[in-house]
file entry_6.cif (mmCIF, C-alpha atoms)
data_my_file
loop_
_atom_site.label_atom_id
_atom_site.label_comp_id
_atom_site.auth_asym_id
_atom_site.auth_seq_id
_atom_site.Cartn_x
_atom_site.Cartn_y
_atom_site.Cartn_z
CA MET A 67 19.19 15.10 -10.94
CA PRO A 68 19.19 11.85 -8.91
CA GLU A 69 18.04 8.66 -10.55
CA VAL A 70 15.85 7.61 -7.60
CA THR A 71 13.93 9.59 -4.99
CA VAL A 72 12.47 7.92 -1.91
CA LEU A 73 9.52 9.79 -0.39
CA MET A 74 8.94 9.51 3.36
CA PRO A 75 6.10 11.42 5.04
CA ALA A 76 6.63 11.76 8.79
CA HIS A 77 4.31 13.03 11.52
CA ASN A 78 5.66 12.88 15.10
CA ALA A 79 7.88 9.94 14.23
CA GLU A 80 10.75 10.50 16.68
CA ARG A 81 10.51 6.95 18.10
CA PHE A 82 11.29 5.14 14.88
CA ILE A 83 12.49 7.52 12.19
CA ARG A 84 16.25 7.28 12.79
CA ARG A 85 16.32 3.56 12.09
CA SER A 86 14.00 3.97 9.11
CA VAL A 87 16.12 6.73 7.56
CA VAL A 88 19.48 5.09 8.21
CA SER A 89 18.35 1.72 6.85
CA THR A 90 16.96 3.41 3.72
CA LEU A 91 20.14 5.39 3.09
CA ARG A 92 22.26 2.25 3.49
CA ALA A 93 20.17 0.46 0.87
CA LEU A 94 20.05 3.33 -1.62
CA PRO A 95 22.47 3.64 -4.54
CA GLU A 96 24.75 6.68 -4.57
CA ASP A 97 22.80 8.48 -7.30
CA SER A 98 19.66 8.89 -5.21
CA GLU A 99 18.01 10.90 -2.47
CA LEU A 100 15.69 10.38 0.49
CA VAL A 101 13.26 13.26 0.95
CA VAL A 102 11.43 13.37 4.28
CA GLY A 103 8.33 15.54 4.61
CA CYS A 104 7.94 16.58 8.26
CA ASP A 105 4.19 16.94 8.34
CA GLY A 106 3.31 19.30 11.19
CA CYS A 107 5.66 17.55 13.63
CA THR A 108 5.48 18.74 17.24
CA ASP A 109 7.99 16.27 18.71
CA GLN A 110 11.73 15.82 18.10
CA THR A 111 11.45 14.36 14.58
CA ILE A 112 13.25 17.32 12.96
CA SER A 113 16.06 17.20 15.52
CA VAL A 114 16.57 13.49 14.87
CA LEU A 115 16.77 14.13 11.13
CA ASP A 116 19.21 17.02 11.60
CA SER A 117 21.56 14.68 13.47
CA ILE A 118 21.85 12.31 10.48
CA LYS A 119 24.69 13.44 8.26
CA ASP A 120 24.23 12.22 4.71
CA VAL A 121 24.12 14.43 1.61
CA ARG A 122 21.42 12.20 0.13
CA LEU A 123 18.99 13.10 2.93
CA ARG A 124 16.77 16.14 2.41
CA THR A 125 14.10 17.39 4.82
CA ILE A 126 11.10 19.52 3.89
CA VAL A 127 9.16 20.97 6.83
CA PHE A 128 5.43 21.64 6.69
CA GLU A 129 4.36 23.75 9.66
CA THR A 130 0.80 22.41 9.73
CA ASN A 131 -0.37 18.83 9.37
CA GLN A 132 -1.16 18.19 5.69
CA GLY A 133 -2.04 14.51 5.79
CA VAL A 134 -0.25 11.71 3.94
CA ALA A 135 -1.75 12.32 0.48
CA ALA A 136 -1.05 16.06 0.42
CA THR A 137 2.45 15.57 1.82
CA LEU A 138 3.30 12.95 -0.79
CA ASN A 139 2.02 15.12 -3.64
CA LYS A 140 4.11 18.05 -2.41
CA LEU A 141 7.17 15.84 -2.11
CA VAL A 142 6.64 14.62 -5.68
CA ASP A 143 6.41 18.24 -6.85
CA ALA A 144 9.60 19.14 -4.97
CA THR A 145 11.66 16.41 -6.66
CA ASP A 146 12.60 15.54 -10.23
CA SER A 147 13.98 11.99 -10.42
CA ALA A 148 12.72 9.57 -13.05
CA ILE A 149 12.06 6.85 -10.45
CA VAL A 150 10.06 7.34 -7.26
CA SER A 151 9.92 4.98 -4.29
CA ARG A 152 8.09 5.07 -0.97
CA MET A 153 9.13 4.39 2.58
CA ASP A 154 7.32 4.82 5.90
CA ALA A 155 8.90 6.56 8.89
CA ASP A 156 8.31 3.59 11.22
CA ASP A 157 9.51 0.72 9.01
CA ILE A 158 12.95 -0.69 8.26
CA CYS A 159 14.39 -0.99 4.77
CA LEU A 160 16.23 -4.24 4.01
CA PRO A 161 19.70 -3.88 2.44
CA TRP A 162 18.88 -5.41 -0.93
CA ARG A 163 15.64 -3.52 -1.51
CA PHE A 164 16.58 -1.03 -4.22
CA ARG A 165 19.03 -3.30 -6.04
CA TYR A 166 16.27 -5.91 -6.24
CA GLN A 167 13.40 -3.61 -7.18
CA LEU A 168 15.26 -1.36 -9.60
CA GLU A 169 16.65 -4.31 -11.53
CA GLY A 170 13.13 -5.68 -11.93
CA LEU A 171 11.26 -2.43 -12.60
CA GLU A 172 9.29 -2.40 -15.82
CA PRO A 173 8.27 0.86 -17.53
CA ASN A 174 4.87 2.28 -16.60
CA GLU A 175 4.17 -0.13 -13.76
CA LEU A 176 3.48 0.09 -10.05
CA GLN A 177 5.91 -2.40 -8.53
CA PHE A 178 5.73 -3.69 -4.98
CA ALA A 179 7.56 -6.32 -2.96
CA ASN A 180 6.80 -8.50 0.02
CA VAL A 181 7.27 -7.51 3.66
CA VAL A 182 8.15 -9.10 6.97
CA HIS A 183 5.67 -8.21 9.75
CA TYR A 184 7.13 -7.67 13.19
CA ARG A 185 6.46 -6.39 16.71
CA GLY A 186 2.96 -5.86 18.11
CA GLN A 187 0.92 -9.01 17.64
CA TYR A 188 3.84 -10.53 15.72
CA THR A 189 6.26 -11.28 18.59
CA VAL A 190 8.31 -13.35 16.17
CA PRO A 191 8.87 -11.71 12.75
CA ARG A 192 6.42 -13.13 10.25
CA PRO A 193 7.33 -13.02 6.55
CA VAL A 194 4.62 -12.99 3.92
CA ALA A 195 4.59 -16.10 1.73
CA PRO A 196 7.10 -15.48 -1.09
CA TYR A 197 4.61 -15.52 -3.94
CA PRO A 198 4.39 -12.97 -6.74
CA ILE A 199 1.13 -11.22 -7.53
CA GLU A 200 0.70 -10.04 -11.10
CA GLY A 201 -1.52 -10.25 -14.15
CA SER A 202 -5.23 -11.00 -14.21
CA ILE A 203 -5.49 -11.83 -10.50
CA VAL A 204 -4.57 -8.26 -9.43
CA PRO A 205 -7.90 -6.46 -10.05
CA LEU A 206 -9.84 -9.38 -8.57
CA LEU A 207 -7.87 -9.19 -5.32
CA LEU A 208 -8.24 -5.40 -5.26
CA LEU A 209 -12.01 -5.84 -5.23
CA LEU A 210 -11.66 -7.51 -1.81
CA GLU A 211 -8.50 -6.23 -0.13
CA ASN A 212 -5.22 -4.39 -0.49
CA PRO A 213 -2.42 -6.96 -1.04
CA PHE A 214 0.23 -4.30 -1.73
CA ALA A 215 2.31 -2.64 1.01
CA HIS A 216 2.65 1.08 0.30
CA PRO A 217 6.20 1.43 1.70
CA THR A 218 7.46 -1.08 -0.90
CA LEU A 219 6.18 0.94 -3.87
CA THR A 220 8.63 1.71 -6.67
CA THR A 221 7.41 3.34 -9.87
CA THR A 222 8.21 6.09 -12.35
CA ARG A 223 7.34 9.74 -12.04
CA ARG A 224 5.60 9.49 -15.40
CA THR A 225 3.29 6.75 -14.09
CA LEU A 226 2.37 8.76 -10.99
CA GLY A 227 1.67 11.77 -13.19
CA ARG A 228 -0.53 9.70 -15.49
CA LEU A 229 -2.65 8.71 -12.50
CA GLY A 230 -2.89 12.26 -11.16
CA GLY A 231 -1.00 11.51 -7.96
CA TYR A 232 -2.64 10.79 -4.62
CA ARG A 233 -6.16 11.88 -3.71
CA ASN A 234 -7.12 13.18 -0.28
CA VAL A 235 -9.09 10.12 0.80
CA PRO A 236 -8.82 7.91 3.93
CA ALA A 237 -6.80 5.20 2.13
CA GLU A 238 -4.76 7.16 -0.40
CA ASP A 239 -2.63 4.12 -1.28
CA TYR A 240 -5.44 1.66 -2.06
CA ASP A 241 -7.31 4.41 -3.91
CA LEU A 242 -4.28 4.89 -6.18
CA TRP A 243 -4.01 1.15 -6.87
CA VAL A 244 -7.70 0.97 -7.84
CA ARG A 245 -7.38 3.92 -10.19
CA ALA A 246 -4.26 2.33 -11.69
CA ALA A 247 -6.17 -0.89 -12.34
CA LEU A 248 -8.93 1.12 -14.03
CA GLU A 249 -6.30 2.75 -16.26
CA ASP A 250 -4.74 -0.65 -17.12
CA VAL A 251 -1.48 0.30 -15.43
CA PRO A 252 0.42 -2.93 -14.69
CA ILE A 253 0.60 -3.68 -10.94
CA ARG A 254 3.01 -6.31 -9.65
CA ARG A 255 4.24 -7.60 -6.31
CA ARG A 256 7.61 -9.32 -6.44
CA PRO A 257 8.16 -12.25 -4.05
CA LEU A 258 11.22 -11.18 -2.06
CA ALA A 259 10.65 -9.15 1.14
CA THR A 260 12.25 -5.70 1.04
CA VAL A 261 10.81 -3.99 4.14
CA LEU A 262 10.33 -4.88 7.80
CA TYR A 263 6.78 -3.66 8.37
CA ARG A 264 6.40 -2.50 11.95
CA HIS A 265 3.19 -2.98 13.95
CA HIS A 266 2.77 -0.81 17.03
CA GLU A 267 0.06 0.28 19.46
CA SER A 268 -0.85 3.58 17.80
CA GLN A 269 -1.80 1.71 14.62
CA ALA A 270 -4.13 -0.62 16.50
CA THR A 271 -5.91 2.21 18.30
CA THR A 272 -6.80 3.96 15.03
CA ALA A 273 -7.69 0.93 12.88
CA VAL A 274 -11.41 0.86 13.73
CA ASP A 275 -11.84 4.58 13.16
CA ALA A 276 -9.87 4.37 9.90
CA ASN A 277 -12.16 1.67 8.53
CA ARG A 278 -15.19 3.75 9.47
CA ARG A 279 -13.80 6.76 7.61
CA LYS A 280 -12.97 4.62 4.59
CA SER A 281 -16.50 3.24 4.47
CA MET A 282 -17.89 6.79 4.38
CA SER A 283 -15.67 8.03 1.54
CA ARG A 284 -17.79 8.67 -1.54
CA GLU A 285 -14.70 8.94 -3.75
CA MET A 286 -13.43 5.52 -2.72
CA ALA A 287 -16.87 3.94 -2.94
CA SER A 288 -17.19 5.31 -6.49
CA ALA A 289 -13.74 4.06 -7.53
CA HIS A 290 -14.45 0.60 -6.09
CA ARG A 291 -17.79 0.48 -7.87
CA ASP A 292 -16.13 1.47 -11.15
CA LEU A 293 -13.58 -1.34 -10.70
CA CYS A 294 -16.39 -3.82 -10.00
CA LYS A 295 -18.05 -2.81 -13.28
CA ALA A 296 -14.79 -2.99 -15.22
CA VAL A 297 -13.84 -6.42 -13.86
CA THR A 298 -17.19 -8.20 -13.55
CA GLY A 299 -19.50 -6.22 -15.81
CA ARG A 300 -21.88 -5.87 -12.85
CA ASP A 301 -22.75 -3.09 -10.46
CA TYR A 302 -21.83 -4.06 -6.91
CA GLY A 303 -22.22 -1.26 -4.36
CA CYS A 304 -20.51 -3.04 -1.50
CA TRP A 305 -17.69 -0.72 -0.40
CA SER A 306 -19.25 0.05 2.99
CA ALA A 307 -19.85 -3.65 3.65
CA LEU A 308 -16.17 -4.34 2.96
CA ARG A 309 -14.80 -1.62 5.24
CA ASP A 310 -17.33 -1.27 8.08
CA PRO A 311 -20.04 -3.96 8.03
CA SER A 312 -21.61 -2.62 11.23
CA SER A 313 -22.81 0.48 9.37
CA ALA A 314 -23.56 -1.16 6.00
CA SER A 315 -27.12 -1.53 4.73
CA ALA A 316 -28.75 -4.85 3.97
CA ASP A 317 -28.44 -4.13 0.23
CA GLU A 318 -24.71 -3.42 0.56
CA LYS A 319 -24.16 -6.67 2.46
CA ALA A 320 -26.16 -8.54 -0.18
CA ASP A 321 -24.02 -6.99 -2.92
CA LEU A 322 -20.85 -8.10 -1.12
CA LYS A 323 -22.19 -11.63 -0.81
CA ALA A 324 -23.03 -11.62 -4.54
CA LEU A 325 -19.56 -10.31 -5.45
CA CYS A 326 -17.87 -13.03 -3.40
CA ARG A 327 -20.04 -15.65 -5.06
CA TYR A 328 -19.20 -14.26 -8.51
CA LEU A 329 -15.46 -14.30 -7.79
CA SER A 330 -15.57 -17.81 -6.34
CA GLU A 331 -17.06 -19.07 -9.61
CA GLN A 332 -14.29 -17.74 -11.84
CA GLY A 333 -12.29 -20.96 -11.90
CA GLU A 334 -8.57 -21.32 -12.52
CA PHE A 335 -6.43 -18.33 -13.48
CA ARG A 336 -2.71 -18.54 -14.30
CA GLY A 337 -2.45 -21.52 -11.98
CA ARG A 338 -3.43 -22.99 -8.67
CA ARG A 339 -1.50 -20.35 -6.73
CA ASP A 340 -3.66 -17.49 -8.02
CA THR A 341 -6.85 -19.43 -7.43
CA ARG A 342 -5.73 -20.21 -3.88
CA MET A 343 -4.92 -16.52 -3.20
CA LEU A 344 -8.33 -15.42 -4.43
CA ARG A 345 -10.19 -18.02 -2.41
CA ARG A 346 -8.28 -17.08 0.73
CA ALA A 347 -9.16 -13.42 0.14
CA ILE A 348 -12.84 -14.34 -0.21
CA ALA A 349 -12.66 -16.39 2.99
CA ARG A 350 -11.10 -13.48 4.90
CA VAL A 351 -13.80 -11.11 3.68
CA THR A 352 -16.70 -13.39 4.45
CA GLN A 353 -15.40 -14.16 7.94
CA HIS A 354 -14.54 -10.57 8.80
CA ASN A 355 -17.70 -9.02 7.45
CA THR A 356 -20.18 -11.50 8.90
CA VAL A 357 -21.41 -12.68 5.51
CA ARG A 358 -22.53 -16.05 6.78
CA SER A 359 -23.51 -17.91 3.62
CA ARG A 360 -20.94 -20.28 2.17
CA VAL A 361 -19.57 -18.89 -1.07
CA LEU A 362 -16.71 -21.29 -1.80
#
call {"tool": "encode", "arguments": {"input": "entry_6.cif", "output": "structure tokens"}}
result
Amino acid sequence: MPEVTVLMPAHNAERFIRRSVVSTLRALPEDSELVVGCDGCTDQTISVLDSIKDVRLRTIVFETNQGVAATLNKLVDATDSAIVSRMDADDICLPWRFRYQLEGLEPNELQFANVVHYRGQYTVPRPVAPYPIEGSIVPLLLLLENPFAHPTLTTTRRTLGRLGGYRNVPAEDYDLWVRAALEDVPIRRRPLATVLYRHHESQATTAVDANRRKSMSREMASAHRDLCKAVTGRDYGCWSALRDPSSASADEKADLKALCRYLSEQGEFRGRRDTRMLRRAIARVTQHNTVRSRVL
């Protein structure tokens, strides 16, 4: 039984998957495996994987497209390591990733790391500011945005099982983080970048539609509302206003404005850095969602 399993769902990923797989294998310790789920691929993804000769690489082929959540759950069921990590088929793993994250992994936590954005709109690679995110600021940020990059996730199989795995919703990663926060599972982002996070044209063309589908998800709206109640003690039904303001009702927009005002009044947390992160998140939300009143 390997100590670490890296899960990589892949759908028609022939353009990028070789570099993603090779970089992940180079970073992995010997007692580990990379399991790629070919999710209804109709291109040359499987052929590319077959050409990579490494005993730590395992490919599971799904003839029909399952979607990311279902593929990940099936990959979890098909493996047995104590530690589970994630990687995307279009990103690049940095050499120190697993040494860094495994040495810092605490029991029963969801651990993330920073990323470096590149390509697309980022002609020059752009690293995220090397700040940790942990403690009381985490659920507050989750009310407004997703500050955690899914392909940097490292956790334990036991923790994933406790949360019931991924749900079939439009943002299966953020949904899992919210449910983890509701279950008081520690969530932490370490400051060092461990993944080059690729931006490419196919992501941009689907972003608007993805936000629309997220805004219409009853499961995600319910989870977000539950987190609002747990964190603030108040009932804010503002999920649609966060994800797709063009289709949100006046009441939903008013709830979002009230939530931003509530969060802006919470004062200092562990220090100025956390307060600054929260205020920047509020500013991004208010600007993006056309909530015009000043809340800071």
call {"tool": "resolve_selection", "arguments": {"input": "entry_6.cif", "expression": "the PyMOL selection byres ((chain A and resi 118) around 12)", "output": "number ranges by chain"}}
result
A: 83-89, 91, 100, 111-117, 119-125
call {"tool": "residues_around", "arguments": {"input": "entry_6.cif", "residues": "segment 254-265 of chain A", "least_positions_apart": "3", "cutoff": "9 Å", "atoms": "all atoms listed in the file", "output": "JSON, numbers by chain"}}
result
{"A": [153, 154, 156, 157, 158, 159, 160, 161, 162, 163, 164, 166, 167, 170, 175, 176, 177, 178, 179, 180, 181, 182, 183, 184, 185, 186, 187, 188, 191, 193, 194, 195, 196, 197, 198, 199, 200, 201, 204, 213, 214, 215, 217, 218, 268, 269, 270]}
call {"tool": "resolve_selection", "arguments": {"input": "entry_6.cif", "expression": "the PyMOL selection byres ((chain A and resi 237) around 12)", "output": "short mmCIF file (atom, residue, chain, number, x, y, z; two decimals) with C-alpha atoms, in the coordinates of the input"}}
result
data_model
loop_
_atom_site.label_atom_id
_atom_site.label_comp_id
_atom_site.auth_asym_id
_atom_site.auth_seq_id
_atom_site.Cartn_x
_atom_site.Cartn_y
_atom_site.Cartn_z
CA GLY A 133 -2.04 14.51 5.79
CA VAL A 134 -0.25 11.71 3.94
CA ALA A 135 -1.75 12.32 0.48
CA GLU A 211 -8.50 -6.23 -0.13
CA ASN A 212 -5.22 -4.39 -0.49
CA HIS A 216 2.65 1.08 0.30
CA TYR A 232 -2.64 10.79 -4.62
CA ARG A 233 -6.16 11.88 -3.71
CA ASN A 234 -7.12 13.18 -0.28
CA VAL A 235 -9.09 10.12 0.80
CA PRO A 236 -8.82 7.91 3.93
CA GLU A 238 -4.76 7.16 -0.40
CA ASP A 239 -2.63 4.12 -1.28
CA TYR A 240 -5.44 1.66 -2.06
CA ASP A 241 -7.31 4.41 -3.91
CA LEU A 242 -4.28 4.89 -6.18
CA TRP A 243 -4.01 1.15 -6.87
CA VAL A 244 -7.70 0.97 -7.84
CA ALA A 273 -7.69 0.93 12.88
CA ALA A 276 -9.87 4.37 9.90
CA ASN A 277 -12.16 1.67 8.53
CA ARG A 278 -15.19 3.75 9.47
CA ARG A 279 -13.80 6.76 7.61
CA LYS A 280 -12.97 4.62 4.59
CA SER A 281 -16.50 3.24 4.47
CA MET A 282 -17.89 6.79 4.38
CA SER A 283 -15.67 8.03 1.54
CA GLU A 285 -14.70 8.94 -3.75
CA MET A 286 -13.43 5.52 -2.72
CA ALA A 287 -16.87 3.94 -2.94
CA ALA A 289 -13.74 4.06 -7.53
CA ARG A 309 -14.80 -1.62 5.24
#
call {"tool": "axis_aligned_box", "arguments": {"input": "entry_6.cif", "around": "segment 175-187 of chain A", "padding_each_side": "8 Å", "output": "AutoDock Vina command-line options"}}
result
--center_x 4.5 --center_y -4.5 --center_z 2.2 --size_x 23.2 --size_y 25.2 --size_z 47.9
call {"tool": "resolve_selection", "arguments": {"input": "entry_6.cif", "expression": "the PyMOL selection byres ((chain A and resi 68) around 7)", "output": "ChimeraX atom specification"}}
result
/A:67,69-71,97-99,147
call {"tool": "atom_distance", "arguments": {"input": "entry_6.cif", "atom1": "atom CA of Cys304 of chain A", "atom2": "atom CA of Gly230 of chain A"}}
result
25.3 Å
call {"tool": "closest_residue", "arguments": {"input": "entry_6.cif", "among": "A:Leu329, A:Met343, A:Leu248, A:Ala79", "to": "Ala296 of chain A", "atoms": "all atoms listed in the file"}}
result
A:Leu248
call {"tool": "atom_distance", "arguments": {"input": "entry_6.cif", "atom1": "atom CA of Asp275 of chain A", "atom2": "atom CA of Leu138 of chain A"}}
result
22.2 Å
